[in-house]
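Inspection log for the structure reproduced underneath, given as structure tokens.
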Amino acid sequence: MRDDDAREVAGTAAESLVRPGADDLERAAEAALRPRRLDEFVGQRVVRDQLSLVLHAAMNRGRAPDHVLLSGPPGLGKTTLAMIIAAELGTSLRVTSGPAIQHAGDLAAVLSSLEEGEVLFLDEIHRLARPAEELLYVAMEDFRVDVVVGKGAGASAIPLSLPPFTVVGATTRAGLLPAPLRDRFGFTGHLDFYADDELERVLLRSAGLLGVPLDGDAAAEIASRSRGTPRIANRLLRRVRDWAEVRGDGRLTLAAARAALEVYEVDARGLDRLDRSVLEALCLRFGGGPVGLTTLAVAVGEEPETVETVAEPFLVREGLVGRTPRGRVALPAAWDHLGLDRPAPADTLFG
């Protein structure tokens with residue numbers, strides 16, 4: 001494949017290369033890299049220590065542990081921790097998600113099939129339908145569900161007892177959880193973004209599992225471009241491995257990492273094509289702003305929702321873009337990152 005063709009393909013793929021979400025195909029690729037035990041889990045020291053206490057105390061008492069709520073941005077290990085909880089307890093894990101449960105009957109069917117001590121993982125729990133949510137209240141607190149038989153005036157509710165089980169809920173938007181549901185979780189852990197040295201440990205472990213030699217400076221380079229997210233780090237690692245196998249000697253060196261990430265248009269700060277397009281539009285077309293979201297989205301050829309939910313969170317977190325009542329503005333770091341001179345302050349009536 002010619003270099004021009006490779007760059008064209010990479011330009012299409014790069015849009016999702018540094019996004020924290022994952023599709024089913026990528027989740028399957030991640031499965032081989034997930035740690036199986038708490039002592040193998042890298043990072044999140046506070047949550048890991050607290051969770052270890054909760055689990056071991058429950059096991060010492062011979063009871064199911066309290067329900068666990070894990071919150072934080074995507075790609076930080078919420079699903080992995082749910083699997084680890086089940087493994088530490090020596091029980092099986094039942095996996096479903098809020099969007100998949102649209103009716104109370106769907107949830108009742110899942111709950112009634114649980115065995116004693118089993119772990120139920122509810123991903124994106126904040127997206128549960130309201131009827132299912134209300135059913136879950138009773139199930140979590142009293143370990144029972146009320147099965148409605150009949151319709152109209154002749155309908156009756158038959159209580160069905162459930163064996164003790166543990167719900168592990170995961171959410172990227174904890175603020176959307178209603179208070180009655182949030183209060184039924186005995187332990188709540190918030191996952192934060194990873195430091196670069198923690199991501200280096202994640203990458204070295206993943207490279208060992210993949211059976212590829214990864215140099216320490218290459219691991220540091222990939223980690224610095226991974227936006228503090230292990231999922232992105234592992235994704236970039238696989239792309240660097242591809243480059244090394246096709247165009248290099250198979251070793252994941254610093255030169256290979258830089259060359260591969262240049263092909264996939266991930267710059268030294270972890271920004272991709274869309275991120276840079278937003279910054280360039282703000283700085284070059286609108287003089288640093290403020291500019292409205294819709295106008296900015298038109299300028300970069302994307303939908304406003306894409307700019308707001310995909311590009312903006314990282315740009316704001318990195319101090320490159322600011323959100324004001326009048327619109328988005330480019331901060332000094334954005335001009336520096338693009339290598340542009342900052343504009344002089346506008347003249348005012350008194351200065």
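In the structure tokens, each chain is lettered A, B, ... as it comes, each chain's residues begin at 1, and ligands are numbered from 1 in order of appearance.
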- Do a neighbour search on stretch 165-172 of chain A at 6 Å with only C-alpha atoms, toss out local chain neighbours closer than 6 positions, and write the hits as a VMD selection string. chain A and resid 67 to 73 116 to 125
- In terms of only C-alpha atoms, the residue from A:Ala244, A:Leu284, A:Val145, A:Ala233 at minimal distance from A:Leu76 is A:Ala233
- Residues near A:Arg184, cut-off 8 Å, only C-alpha atoms, skip fewer than 6 positions along chain, as a PyMOL selection string: chain A and resi 67+137+140-141
- Would you mind reading off the distance between atom CA of A:His103 and atom CA of A:Arg127, one decimal, in Å? 12.0 Å
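Reported to one decimal place, the separation of atom CA of A:Ala334 from atom CA of A:Arg317 is 12.1 Å.
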- Message: Taking only C-alpha atoms into account, name the residue in A:Glu115, A:Glu88, A:Asp275, A:Asp66 that is nearest to A:Val307.
- Response: A:Asp275
- If you run DSSP on the backbone, which residues of stretch 31-240 of chain A are strand (DSSP E or B), as number ranges by chain? A: 68-71, 93-97, 119-123, 144-149, 156-161, 166-171, 187-190, 214
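Shell of A:Glu280 at 10 Å, with only C-alpha atoms counted and residues fewer than 4 places along the chain excluded, is Leu274, Asp275, Arg276, Leu284, Arg285, Phe286, Gly287, Gly288, Ala299, Val300, Ala330, Ala334, Trp335, Leu338 and Leu340 of chain A.
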Those residues with N, CA and C atoms, as a compact mmCIF listing (two decimals), in the first residue's frame please?
```txt
# COMPACT_ATOMS: atom_id res chain seq x y z
N LEU A 274 -10.05 15.74 14.40
CA LEU A 274 -11.20 16.55 14.79
C LEU A 274 -10.81 17.59 15.84
N ASP A 275 -10.02 17.18 16.82
CA ASP A 275 -9.58 18.12 17.85
C ASP A 275 -8.83 19.30 17.26
N ARG A 276 -7.90 18.99 16.36
CA ARG A 276 -7.12 20.07 15.75
C ARG A 276 -7.98 20.94 14.84
N LEU A 284 -8.04 30.43 13.84
CA LEU A 284 -7.78 31.03 12.54
C LEU A 284 -9.00 31.68 11.91
N ARG A 285 -10.16 31.05 12.09
CA ARG A 285 -11.36 31.61 11.44
C ARG A 285 -12.10 32.60 12.31
N PHE A 286 -12.04 32.40 13.62
CA PHE A 286 -12.84 33.24 14.51
C PHE A 286 -11.99 34.04 15.49
N GLY A 287 -10.69 34.11 15.25
CA GLY A 287 -9.83 34.94 16.07
C GLY A 287 -9.79 34.57 17.53
N GLY A 288 -10.07 33.31 17.84
CA GLY A 288 -10.05 32.86 19.23
C GLY A 288 -11.41 32.87 19.90
N ALA A 299 -18.26 25.04 10.84
CA ALA A 299 -16.91 25.37 10.37
C ALA A 299 -16.03 24.13 10.22
N VAL A 300 -16.24 23.13 11.07
CA VAL A 300 -15.41 21.91 11.00
C VAL A 300 -16.12 20.78 10.26
N ALA A 330 -10.82 30.05 22.44
CA ALA A 330 -9.51 29.40 22.46
C ALA A 330 -8.68 30.00 23.59
N ALA A 334 -4.05 26.78 23.47
CA ALA A 334 -4.43 26.37 22.12
C ALA A 334 -3.54 27.04 21.07
N TRP A 335 -3.30 28.34 21.24
CA TRP A 335 -2.42 29.06 20.31
C TRP A 335 -1.01 28.47 20.37
N LEU A 338 -0.77 25.05 18.54
CA LEU A 338 -0.79 25.17 17.08
C LEU A 338 0.40 25.96 16.54
N LEU A 340 0.93 29.24 16.92
CA LEU A 340 0.43 30.51 16.41
C LEU A 340 0.69 31.61 17.43
```
